[in-house]
>>> print(open('target15.cif').read())   # mmCIF, C-alpha atoms; chains and numbers go by the auth columns
data_upload
loop_
_atom_site.group_PDB
_atom_site.id
_atom_site.type_symbol
_atom_site.label_atom_id
_atom_site.label_comp_id
_atom_site.label_asym_id
_atom_site.label_seq_id
_atom_site.Cartn_x
_atom_site.Cartn_y
_atom_site.Cartn_z
_atom_site.B_iso_or_equiv
_atom_site.auth_seq_id
_atom_site.auth_asym_id
ATOM 1 C CA CYS A 1 144.476 127.022 -24.801 0.00 282 A
ATOM 2 C CA VAL A 2 146.624 128.178 -27.715 0.00 283 A
ATOM 3 C CA ALA A 3 146.250 131.846 -26.719 0.00 284 A
ATOM 4 C CA THR A 4 147.291 131.097 -23.133 0.00 285 A
ATOM 5 C CA PHE A 5 150.319 129.115 -24.309 0.00 286 A
ATOM 6 C CA ILE A 6 151.453 131.995 -26.533 0.00 287 A
ATOM 7 C CA HIS A 7 150.815 134.562 -23.791 0.00 288 A
ATOM 8 C CA TYR A 8 153.023 132.720 -21.272 0.00 289 A
ATOM 9 C CA GLN A 9 155.591 131.344 -23.747 0.00 290 A
ATOM 10 C CA HIS A 10 158.415 133.555 -22.473 0.00 291 A
ATOM 11 C CA GLU A 11 157.848 132.614 -18.835 0.00 292 A
ATOM 12 C CA THR A 12 159.820 129.857 -17.174 0.00 293 A
ATOM 13 C CA ASN A 13 156.802 127.810 -16.092 0.00 294 A
ATOM 14 C CA ASN A 14 154.074 127.902 -18.709 0.00 295 A
ATOM 15 C CA PRO A 15 150.818 126.471 -17.271 0.00 296 A
ATOM 16 C CA ILE A 16 149.898 125.209 -20.747 0.00 297 A
ATOM 17 C CA ALA A 17 151.877 122.302 -22.199 0.00 298 A
ATOM 18 C CA ILE A 18 152.141 121.152 -25.803 0.00 299 A
ATOM 19 C CA ASN A 19 150.030 118.086 -25.033 0.00 300 A
ATOM 20 C CA ASP A 20 147.231 120.395 -23.828 0.00 301 A
ATOM 21 C CA ILE A 21 147.139 122.023 -27.248 0.00 302 A
ATOM 22 C CA ALA A 22 147.271 118.616 -28.961 0.00 303 A
ATOM 23 C CA PHE A 23 144.334 117.422 -26.839 0.00 304 A
ATOM 24 C CA ALA A 24 142.261 120.523 -27.659 0.00 305 A
ATOM 25 C CA VAL A 25 142.945 120.264 -31.414 0.00 306 A
ATOM 26 C CA HIS A 26 142.274 116.516 -31.366 0.00 307 A
ATOM 27 C CA ALA A 27 138.958 116.979 -29.517 0.00 308 A
ATOM 28 C CA LEU A 28 137.854 119.794 -31.836 0.00 309 A
ATOM 29 C CA LEU A 29 138.673 117.771 -34.949 0.00 310 A
ATOM 30 C CA LEU A 30 136.894 114.587 -33.878 0.00 311 A
ATOM 31 C CA THR A 31 133.874 116.456 -32.499 0.00 312 A
ATOM 32 C CA SER A 32 133.565 118.301 -35.810 0.00 313 A
ATOM 33 C CA ILE A 33 133.614 114.977 -37.658 0.00 314 A
ATOM 34 C CA CYS A 34 130.875 113.633 -35.365 0.00 315 A
ATOM 35 C CA CYS A 35 128.758 116.750 -35.979 0.00 316 A
ATOM 36 C CA ILE A 36 129.134 116.313 -39.746 0.00 317 A
ATOM 37 C CA GLN A 37 128.086 112.652 -39.429 0.00 318 A
ATOM 38 C CA ILE A 38 124.955 113.739 -37.547 0.00 319 A
ATOM 39 C CA PHE A 39 123.848 115.774 -40.551 0.00 320 A
ATOM 40 C CA ILE A 40 124.863 113.139 -43.121 0.00 321 A
ATOM 41 C CA TYR A 41 123.553 109.891 -41.643 0.00 322 A
ATOM 42 C CA ASP A 42 120.075 108.836 -40.612 0.00 323 A
ATOM 43 C CA ARG A 43 119.444 109.698 -36.968 0.00 324 A
ATOM 44 C CA GLY A 44 115.843 108.501 -36.730 0.00 325 A
ATOM 45 C CA GLU A 45 113.805 110.518 -34.270 0.00 326 A
ATOM 46 C CA GLN A 46 116.826 111.726 -32.294 0.00 327 A
ATOM 47 C CA LYS A 47 117.197 115.459 -31.875 0.00 328 A
ATOM 48 C CA PRO A 48 118.837 117.814 -29.362 0.00 329 A
ATOM 49 C CA SER A 49 116.766 118.450 -26.265 0.00 330 A
ATOM 50 C CA MET A 50 115.587 121.950 -25.457 0.00 331 A
ATOM 51 C CA PHE A 51 117.843 121.917 -22.398 0.00 332 A
ATOM 52 C CA ALA A 52 120.897 121.133 -24.545 0.00 333 A
ATOM 53 C CA VAL A 53 120.038 123.898 -27.012 0.00 334 A
ATOM 54 C CA LEU A 54 119.477 126.472 -24.265 0.00 335 A
ATOM 55 C CA LEU A 55 122.656 125.497 -22.399 0.00 336 A
ATOM 56 C CA ALA A 56 124.782 125.621 -25.555 0.00 337 A
ATOM 57 C CA SER A 57 123.304 128.999 -26.452 0.00 338 A
ATOM 58 C CA PHE A 58 123.962 130.325 -22.950 0.00 339 A
ATOM 59 C CA CYS A 59 127.588 129.134 -23.049 0.00 340 A
ATOM 60 C CA TRP A 60 128.160 130.830 -26.415 0.00 341 A
ATOM 61 C CA VAL A 61 126.597 134.067 -25.165 0.00 342 A
ATOM 62 C CA ILE A 62 128.842 134.082 -22.083 0.00 343 A
ATOM 63 C CA ALA A 63 131.939 133.351 -24.185 0.00 344 A
ATOM 64 C CA ILE A 64 131.198 136.036 -26.786 0.00 345 A
ATOM 65 C CA TYR A 65 130.196 138.602 -24.155 0.00 346 A
ATOM 66 C CA ASN A 66 133.442 138.182 -22.193 0.00 347 A
ATOM 67 C CA ALA A 67 135.529 138.186 -25.378 0.00 348 A
ATOM 68 C CA ILE A 68 133.943 141.475 -26.472 0.00 349 A
ATOM 69 C CA LEU A 69 134.595 143.063 -23.068 0.00 350 A
ATOM 70 C CA SER A 70 138.238 142.008 -23.151 0.00 351 A
ATOM 71 C CA LEU A 71 138.638 143.129 -26.759 0.00 352 A
ATOM 72 C CA LEU A 72 137.177 146.598 -26.172 0.00 353 A
ATOM 73 C CA ALA A 73 139.530 147.149 -23.232 0.00 354 A
ATOM 74 C CA SER A 74 142.622 145.808 -25.013 0.00 355 A
ATOM 75 C CA PRO A 75 145.622 148.126 -25.619 0.00 356 A
ATOM 76 C CA GLY A 76 145.207 149.808 -28.960 0.00 357 A
ATOM 77 C CA VAL A 77 141.431 149.619 -28.811 0.00 358 A
ATOM 78 C CA ASP A 78 140.723 151.283 -25.451 0.00 359 A
ATOM 79 C CA VAL A 79 137.031 151.828 -26.115 0.00 360 A
ATOM 80 C CA MET A 80 136.170 151.235 -22.466 0.00 361 A
ATOM 81 C CA ASN A 81 137.827 150.821 -19.095 0.00 362 A
ATOM 82 C CA PRO A 82 139.194 147.334 -18.353 0.00 363 A
ATOM 83 C CA THR A 83 136.546 145.057 -16.838 0.00 364 A
ATOM 84 C CA ILE A 84 137.757 141.521 -17.459 0.00 365 A
ATOM 85 C CA PRO A 85 141.267 140.802 -18.814 0.00 366 A
ATOM 86 C CA TRP A 86 142.114 138.188 -21.407 0.00 367 A
ATOM 87 C CA PHE A 87 144.363 136.215 -19.035 0.00 368 A
ATOM 88 C CA GLY A 88 144.567 135.613 -15.299 0.00 369 A
ATOM 89 C CA SER A 89 142.713 133.809 -12.516 0.00 370 A
ATOM 90 C CA PHE A 90 139.515 135.708 -13.382 0.00 371 A
ATOM 91 C CA SER A 91 139.614 136.409 -17.098 0.00 372 A
ATOM 92 C CA THR A 92 137.963 135.605 -20.388 0.00 373 A
ATOM 93 C CA VAL A 93 140.217 132.591 -20.896 0.00 374 A
ATOM 94 C CA SER A 94 139.473 131.209 -17.412 0.00 375 A
ATOM 95 C CA VAL A 95 135.720 131.737 -17.962 0.00 376 A
ATOM 96 C CA LEU A 96 135.961 129.693 -21.174 0.00 377 A
ATOM 97 C CA GLY A 97 137.678 126.967 -19.151 0.00 378 A
ATOM 98 C CA TYR A 98 134.878 126.917 -16.584 0.00 379 A
ATOM 99 C CA VAL A 99 132.332 126.762 -19.413 0.00 380 A
ATOM 100 C CA LYS A 100 134.125 123.594 -20.528 0.00 381 A
ATOM 101 C CA VAL A 101 133.778 122.218 -16.986 0.00 382 A
ATOM 102 C CA VAL A 102 130.016 122.865 -17.034 0.00 383 A
ATOM 103 C CA VAL A 103 129.629 121.275 -20.472 0.00 384 A
ATOM 104 C CA THR A 104 131.598 118.210 -19.357 0.00 385 A
ATOM 105 C CA THR A 105 129.403 117.812 -16.270 0.00 386 A
ATOM 106 C CA VAL A 106 126.272 117.991 -18.397 0.00 387 A
ATOM 107 C CA LYS A 107 127.820 115.440 -20.752 0.00 388 A
ATOM 108 C CA TYR A 108 128.440 112.862 -18.009 0.00 389 A
ATOM 109 C CA VAL A 109 125.312 113.166 -15.845 0.00 390 A
ATOM 110 C CA PRO A 110 122.695 111.960 -18.391 0.00 391 A
ATOM 111 C CA GLN A 111 124.690 108.790 -19.137 0.00 392 A
ATOM 112 C CA ALA A 112 125.040 107.965 -15.447 0.00 393 A
ATOM 113 C CA TYR A 113 121.310 108.565 -14.955 0.00 394 A
ATOM 114 C CA MET A 114 120.369 106.471 -17.998 0.00 395 A
ATOM 115 C CA ASN A 115 122.507 103.555 -16.812 0.00 396 A
ATOM 116 C CA TRP A 116 120.765 103.719 -13.430 0.00 397 A
ATOM 117 C CA LYS A 117 117.273 104.083 -14.928 0.00 398 A
ATOM 118 C CA ASP A 118 117.696 101.217 -17.422 0.00 399 A
ATOM 119 C CA LYS A 119 119.699 99.103 -14.945 0.00 400 A
ATOM 120 C CA SER A 120 122.010 98.272 -17.833 0.00 401 A
ATOM 121 C CA THR A 121 125.135 99.416 -19.679 0.00 402 A
ATOM 122 C CA THR A 122 124.334 97.479 -22.869 0.00 403 A
ATOM 123 C CA GLY A 123 125.268 99.265 -26.089 0.00 404 A
ATOM 124 C CA TRP A 124 127.704 101.562 -24.336 0.00 405 A
ATOM 125 C CA SER A 125 131.496 101.369 -24.623 0.00 406 A
ATOM 126 C CA ILE A 126 133.322 100.691 -21.362 0.00 407 A
ATOM 127 C CA GLY A 127 136.583 100.880 -23.335 0.00 408 A
ATOM 128 C CA ASN A 128 136.139 104.618 -23.862 0.00 409 A
ATOM 129 C CA VAL A 129 135.573 105.035 -20.135 0.00 410 A
ATOM 130 C CA LEU A 130 138.802 103.208 -19.312 0.00 411 A
ATOM 131 C CA LEU A 131 140.699 105.412 -21.765 0.00 412 A
ATOM 132 C CA ASP A 132 139.053 108.531 -20.361 0.00 413 A
ATOM 133 C CA PHE A 133 139.988 107.513 -16.827 0.00 414 A
ATOM 134 C CA THR A 134 143.583 106.952 -17.913 0.00 415 A
ATOM 135 C CA GLY A 135 143.716 110.369 -19.582 0.00 416 A
ATOM 136 C CA GLY A 136 142.152 112.158 -16.610 0.00 417 A
ATOM 137 C CA SER A 137 144.474 110.546 -14.059 0.00 418 A
ATOM 138 C CA LEU A 138 147.595 111.229 -16.158 0.00 419 A
ATOM 139 C CA SER A 139 146.475 114.833 -16.673 0.00 420 A
ATOM 140 C CA LEU A 140 146.237 115.364 -12.925 0.00 421 A
ATOM 141 C CA LEU A 141 149.534 113.574 -12.388 0.00 422 A
ATOM 142 C CA GLN A 142 151.229 115.808 -14.959 0.00 423 A
ATOM 143 C CA GLN A 143 150.106 118.987 -13.191 0.00 424 A
ATOM 144 C CA VAL A 144 151.081 117.763 -9.735 0.00 425 A
ATOM 145 C CA LEU A 145 154.492 116.440 -10.809 0.00 426 A
ATOM 146 C CA SER A 146 155.286 119.598 -12.769 0.00 427 A
ATOM 147 C CA ALA A 147 154.377 121.732 -9.757 0.00 428 A
ATOM 148 C CA TYR A 148 156.353 119.513 -7.363 0.00 429 A
ATOM 149 C CA ASN A 149 159.488 119.276 -9.510 0.00 430 A
ATOM 150 C CA THR A 150 159.661 123.036 -10.111 0.00 431 A
ATOM 151 C CA ASP A 151 158.335 124.010 -6.677 0.00 432 A
ATOM 152 C CA ASP A 152 155.844 126.231 -8.515 0.00 433 A
ATOM 153 C CA TRP A 153 152.209 125.399 -7.927 0.00 434 A
ATOM 154 C CA SER A 154 151.087 127.813 -10.620 0.00 435 A
ATOM 155 C CA PHE A 155 150.998 124.708 -12.829 0.00 436 A
ATOM 156 C CA VAL A 156 147.849 123.898 -10.867 0.00 437 A
ATOM 157 C CA THR A 157 146.577 127.306 -9.758 0.00 438 A
ATOM 158 C CA GLY A 158 147.264 128.783 -13.205 0.00 439 A
ATOM 159 C CA ASN A 159 145.067 126.212 -14.913 0.00 440 A
ATOM 160 C CA ILE A 160 142.273 125.387 -12.472 0.00 441 A
ATOM 161 C CA PRO A 161 139.781 124.278 -15.196 0.00 442 A
ATOM 162 C CA LYS A 162 142.221 121.586 -16.370 0.00 443 A
ATOM 163 C CA PHE A 163 142.603 120.307 -12.810 0.00 444 A
ATOM 164 C CA ILE A 164 138.813 120.229 -12.298 0.00 445 A
ATOM 165 C CA LEU A 165 138.278 118.468 -15.639 0.00 446 A
ATOM 166 C CA GLY A 166 140.795 115.759 -14.801 0.00 447 A
ATOM 167 C CA PHE A 167 139.326 115.193 -11.351 0.00 448 A
ATOM 168 C CA GLU A 168 135.750 115.299 -12.647 0.00 449 A
ATOM 169 C CA SER A 169 136.527 112.780 -15.381 0.00 450 A
ATOM 170 C CA MET A 170 138.022 110.364 -12.872 0.00 451 A
ATOM 171 C CA VAL A 171 135.013 110.622 -10.527 0.00 452 A
ATOM 172 C CA PHE A 172 132.452 109.935 -13.255 0.00 453 A
ATOM 173 C CA ASP A 173 134.591 107.212 -14.840 0.00 454 A
ATOM 174 C CA ILE A 174 134.810 105.405 -11.491 0.00 455 A
ATOM 175 C CA LEU A 175 131.014 105.640 -11.244 0.00 456 A
ATOM 176 C CA PHE A 176 130.628 104.255 -14.774 0.00 457 A
ATOM 177 C CA MET A 177 133.027 101.380 -14.061 0.00 458 A
ATOM 178 C CA PHE A 178 131.103 100.555 -10.879 0.00 459 A
ATOM 179 C CA GLN A 179 127.833 100.532 -12.828 0.00 460 A
ATOM 180 C CA HIS A 180 129.281 98.301 -15.544 0.00 461 A
ATOM 181 C CA PHE A 181 131.423 95.817 -13.623 0.00 462 A
ATOM 182 C CA VAL A 182 129.489 95.638 -10.341 0.00 463 A
ATOM 183 C CA CYS A 183 125.873 96.721 -10.756 0.00 464 A
ATOM 184 C CA TYR A 184 124.510 96.053 -14.238 0.00 465 A
ATOM 185 C CA GLY A 185 126.841 95.112 -17.108 0.00 466 A
ATOM 186 C CA ASP A 186 125.612 93.819 -20.462 0.00 467 A
ATOM 187 C CA ASN A 187 122.365 92.257 -19.265 0.00 468 A
ATOM 188 C CA ASP A 188 120.297 92.540 -22.486 0.00 469 A
ATOM 189 C CA SER A 189 117.870 95.006 -20.950 0.00 470 A
ATOM 190 C CA PRO A 190 114.867 95.552 -23.272 0.00 471 A
ATOM 191 C CA LEU A 191 115.234 99.285 -22.646 0.00 472 A
ATOM 192 C CA ARG A 192 118.619 99.231 -24.399 0.00 473 A
ATOM 193 C CA MET A 193 117.632 97.069 -27.369 0.00 474 A
ATOM 194 C CA SER A 194 116.798 98.469 -30.784 0.00 475 A
ATOM 195 C CA LYS A 195 113.425 97.685 -32.387 0.00 476 A
ATOM 196 C CA VAL A 196 115.081 95.132 -34.671 0.00 477 A
ATOM 197 C CA MET A 197 116.744 93.378 -31.737 0.00 478 A
ATOM 198 C CA LEU A 198 113.457 93.345 -29.809 0.00 479 A
ATOM 199 C CA LEU A 199 111.633 91.801 -32.779 0.00 480 A
ATOM 200 C CA GLN A 200 114.367 89.176 -33.140 0.00 481 A
ATOM 201 C CA LYS A 201 114.161 88.379 -29.439 0.00 482 A
ATOM 202 C CA GLU A 202 110.357 88.068 -29.598 0.00 483 A
ATOM 203 C CA GLU A 203 110.644 85.806 -32.650 0.00 484 A
ATOM 204 C CA LYS A 204 113.134 83.556 -30.842 0.00 485 A
ATOM 205 C CA GLU A 205 110.857 83.377 -27.804 0.00 486 A
ATOM 206 C CA ARG A 206 107.848 82.465 -29.975 0.00 487 A
ATOM 207 C CA HIS A 207 109.890 79.804 -31.752 0.00 488 A
ATOM 208 C CA ARG A 208 111.086 78.409 -28.429 0.00 489 A
ATOM 209 C CA ALA A 209 107.526 78.365 -27.110 0.00 490 A
ATOM 210 C CA PHE A 210 106.367 76.580 -30.277 0.00 491 A
ATOM 211 C CA LEU A 211 109.051 73.921 -29.922 0.00 492 A
ATOM 212 C CA ASN A 212 108.208 73.410 -26.248 0.00 493 A
ATOM 213 C CA ASN A 213 104.528 73.062 -27.127 0.00 494 A
ATOM 214 C CA GLU A 214 105.254 70.558 -29.869 0.00 495 A
ATOM 215 C CA SER A 215 107.519 68.639 -27.524 0.00 496 A
ATOM 216 C CA ALA A 216 104.782 68.546 -24.893 0.00 497 A
ATOM 217 C CA LYS A 217 102.271 67.263 -27.469 0.00 498 A
ATOM 218 C CA SER A 218 104.725 64.614 -28.619 0.00 499 A
ATOM 219 C CA ASN A 219 105.317 63.451 -25.048 0.00 500 A
ATOM 220 C CA LYS A 220 101.586 63.338 -24.420 0.00 501 A
ATOM 221 C CA ASN A 221 100.964 61.271 -27.573 0.00 502 A
ATOM 222 C CA THR A 222 103.772 58.927 -26.578 0.00 503 A
ATOM 223 C CA GLU A 223 102.245 58.433 -23.150 0.00 504 A
ATOM 224 C CA GLN A 224 98.830 57.725 -24.681 0.00 505 A
ATOM 225 C CA LEU A 225 100.373 55.204 -27.067 0.00 506 A
ATOM 226 C CA HIS A 226 102.153 53.458 -24.210 0.00 507 A
ATOM 227 C CA ALA A 227 98.883 53.376 -22.288 0.00 508 A
ATOM 228 C CA LEU A 228 97.045 51.781 -25.232 0.00 509 A
ATOM 229 C CA LEU A 229 99.723 49.157 -25.703 0.00 510 A
ATOM 230 C CA TYR A 230 99.630 48.355 -22.008 0.00 511 A
ATOM 231 C CA ASN A 231 95.827 47.960 -22.086 0.00 512 A
ATOM 232 C CA ASP A 232 96.046 45.678 -25.137 0.00 513 A
ATOM 233 C CA LYS A 233 98.487 43.415 -23.315 0.00 514 A
ATOM 234 C CA GLN A 234 96.086 43.211 -20.373 0.00 515 A
#
>>> encode(input="target15.cif", output="structure tokens")
Amino acid sequence: CVATFIHYQHETNNPIAINDIAFAVHALLLTSICCIQIFIYDRGEQKPSMFAVLLASFCWVIAIYNAILSLLASPGVDVMNPTIPWFGSFSTVSVLGYVKVVVTTVKYVPQAYMNWKDKSTTGWSIGNVLLDFTGGSLSLLQQVLSAYNTDDWSFVTGNIPKFILGFESMVFDILFMFQHFVCYGDNDSPLRMSKVMLLQKEEKERHRAFLNNESAKSNKNTEQLHALLYNDKQ
């Protein structure tokens, strides 16, 4: 993102805006903090799946491989003939953007599947989804308005990954909102409760059952007493 902005900084219509750089830096910073918290705090039995590890490794290999090819063919290095440039519609930078698209897809799909499987959205923040939807829609709007106002659609065609990410975010966010507000919501599904919450729920149910049983016994004793008094009167 930063490299593309610098590369096109002298052109009239730069496909990368300052807010794009701010978003990338912001995401990198907060994700790094989350990764540090994973190593610091207790995570129970949670661990990355083999699929996640393999996919992350594959993405890094693709990124490093393309970067090396572009570097070796760069002016001043010229170790090999140009194969994939740093910038352009098919370049190392665009490949990195499409890697981001793949990672984002993989990030959204498991949550949508889990909501469907558990028939619940308990323990999951709908507020983040609303913010994500707002960001995705404004990102698309920014590209379209910039292209329309300047009559230069390179704002869109020059940054296809950004356009796909904004559209993809909106599609999944609409699905999440439909699951939360229409289908499931916070329905206290046992599949979403922690062990402590399940134990508390079981304890409440046992206590309720005990009270109902005691109430039934009390009513039965009262009926027997009334029956005895009635017989004595007879």
>>> resolve_selection(input="target15.cif", expression="the PyMOL selection byres ((chain A and resi 460) around 10)", output="short mmCIF file (atom, residue, chain, number, x, y, z; two decimals) with C-alpha atoms, in the coordinates of the input")
data_model
loop_
_atom_site.label_atom_id
_atom_site.label_comp_id
_atom_site.auth_asym_id
_atom_site.auth_seq_id
_atom_site.Cartn_x
_atom_site.Cartn_y
_atom_site.Cartn_z
CA ALA A 393 125.04 107.96 -15.45
CA ASN A 396 122.51 103.56 -16.81
CA TRP A 397 120.76 103.72 -13.43
CA LYS A 400 119.70 99.10 -14.94
CA SER A 401 122.01 98.27 -17.83
CA THR A 402 125.14 99.42 -19.68
CA ASP A 454 134.59 107.21 -14.84
CA ILE A 455 134.81 105.40 -11.49
CA LEU A 456 131.01 105.64 -11.24
CA PHE A 457 130.63 104.26 -14.77
CA MET A 458 133.03 101.38 -14.06
CA PHE A 459 131.10 100.56 -10.88
CA HIS A 461 129.28 98.30 -15.54
CA PHE A 462 131.42 95.82 -13.62
CA VAL A 463 129.49 95.64 -10.34
CA CYS A 464 125.87 96.72 -10.76
CA TYR A 465 124.51 96.05 -14.24
CA GLY A 466 126.84 95.11 -17.11
#
>>> resolve_selection(input="target15.cif", expression="the PyMOL selection byres ((chain A and resi 376) around 12)", output="JSON, numbers by chain")
{"A": [340, 341, 342, 343, 344, 345, 346, 347, 348, 351, 365, 366, 367, 368, 369, 370, 371, 372, 373, 374, 375, 377, 378, 379, 380, 381, 382, 383, 440, 441, 442]}
>>> atom_distance(input="target15.cif", atom1="atom CA of A:Gly439", atom2="atom CA of A:Pro296")
5.9 Å
>>> resolve_selection(input="target15.cif", expression="the PyMOL selection byres ((chain A and resi 328-336) around 10)", output="list in words")
Ile319, Arg324, Gly325, Glu326, Gln327, Ala337, Ser338, Phe339, Cys340, Trp341, Val342, Val383, Val384, Val387 and Lys388 of chain A
>>> closest_residue(input="target15.cif", among="A:Ser470, A:Thr403, A:Ser450, A:Ser427", to="A:Ala298", atoms="only C-alpha atoms")
A:Ser427
>>> atom_distance(input="target15.cif", atom1="atom CA of A:Ala308", atom2="atom CA of A:Gln423")
19.1 Å
>>> residues_around(input="target15.cif", residues="A:Asn362", least_positions_apart="2", cutoff="10 Å", atoms="only C-alpha atoms", output="list in words")
Leu350, Ser351, Leu353, Ala354, Ser355, Asp359, Val360, Thr364 and Ile365 of chain A
>>> atom_distance(input="target15.cif", atom1="atom CA of A:Trp434", atom2="atom CA of A:Asn294")
9.7 Å
>>> closest_residue(input="target15.cif", among="A:Tyr322, A:Tyr394, A:Phe414, A:Trp405", to="A:Val452", atoms="only C-alpha atoms")
A:Phe414
>>> axis_aligned_box(input="target15.cif", around="stretch 425-435 of chain A", padding_each_side="6 Å", output="lines of an AutoDock Vina configuration file")
center_x = 155.4
center_y = 122.1
center_z = -9.7
size_x = 20.6
size_y = 23.4
size_z = 18.1
>>> closest_residue(input="target15.cif", among="A:Asn295, A:Cys316, A:Ile302, A:Ile445", to="A:Asp433", atoms="all atoms listed in the file")
A:Asn295
>>> closest_residue(input="target15.cif", among="A:Lys485, A:Phe320, A:Ser435, A:Ser496", to="A:Glu292", atoms="all atoms listed in the file")
A:Ser435
>>> closest_residue(input="target15.cif", among="A:Lys443, A:Phe453, A:Lys398, A:Pro391", to="A:Asp413", atoms="all atoms listed in the file")
A:Phe453
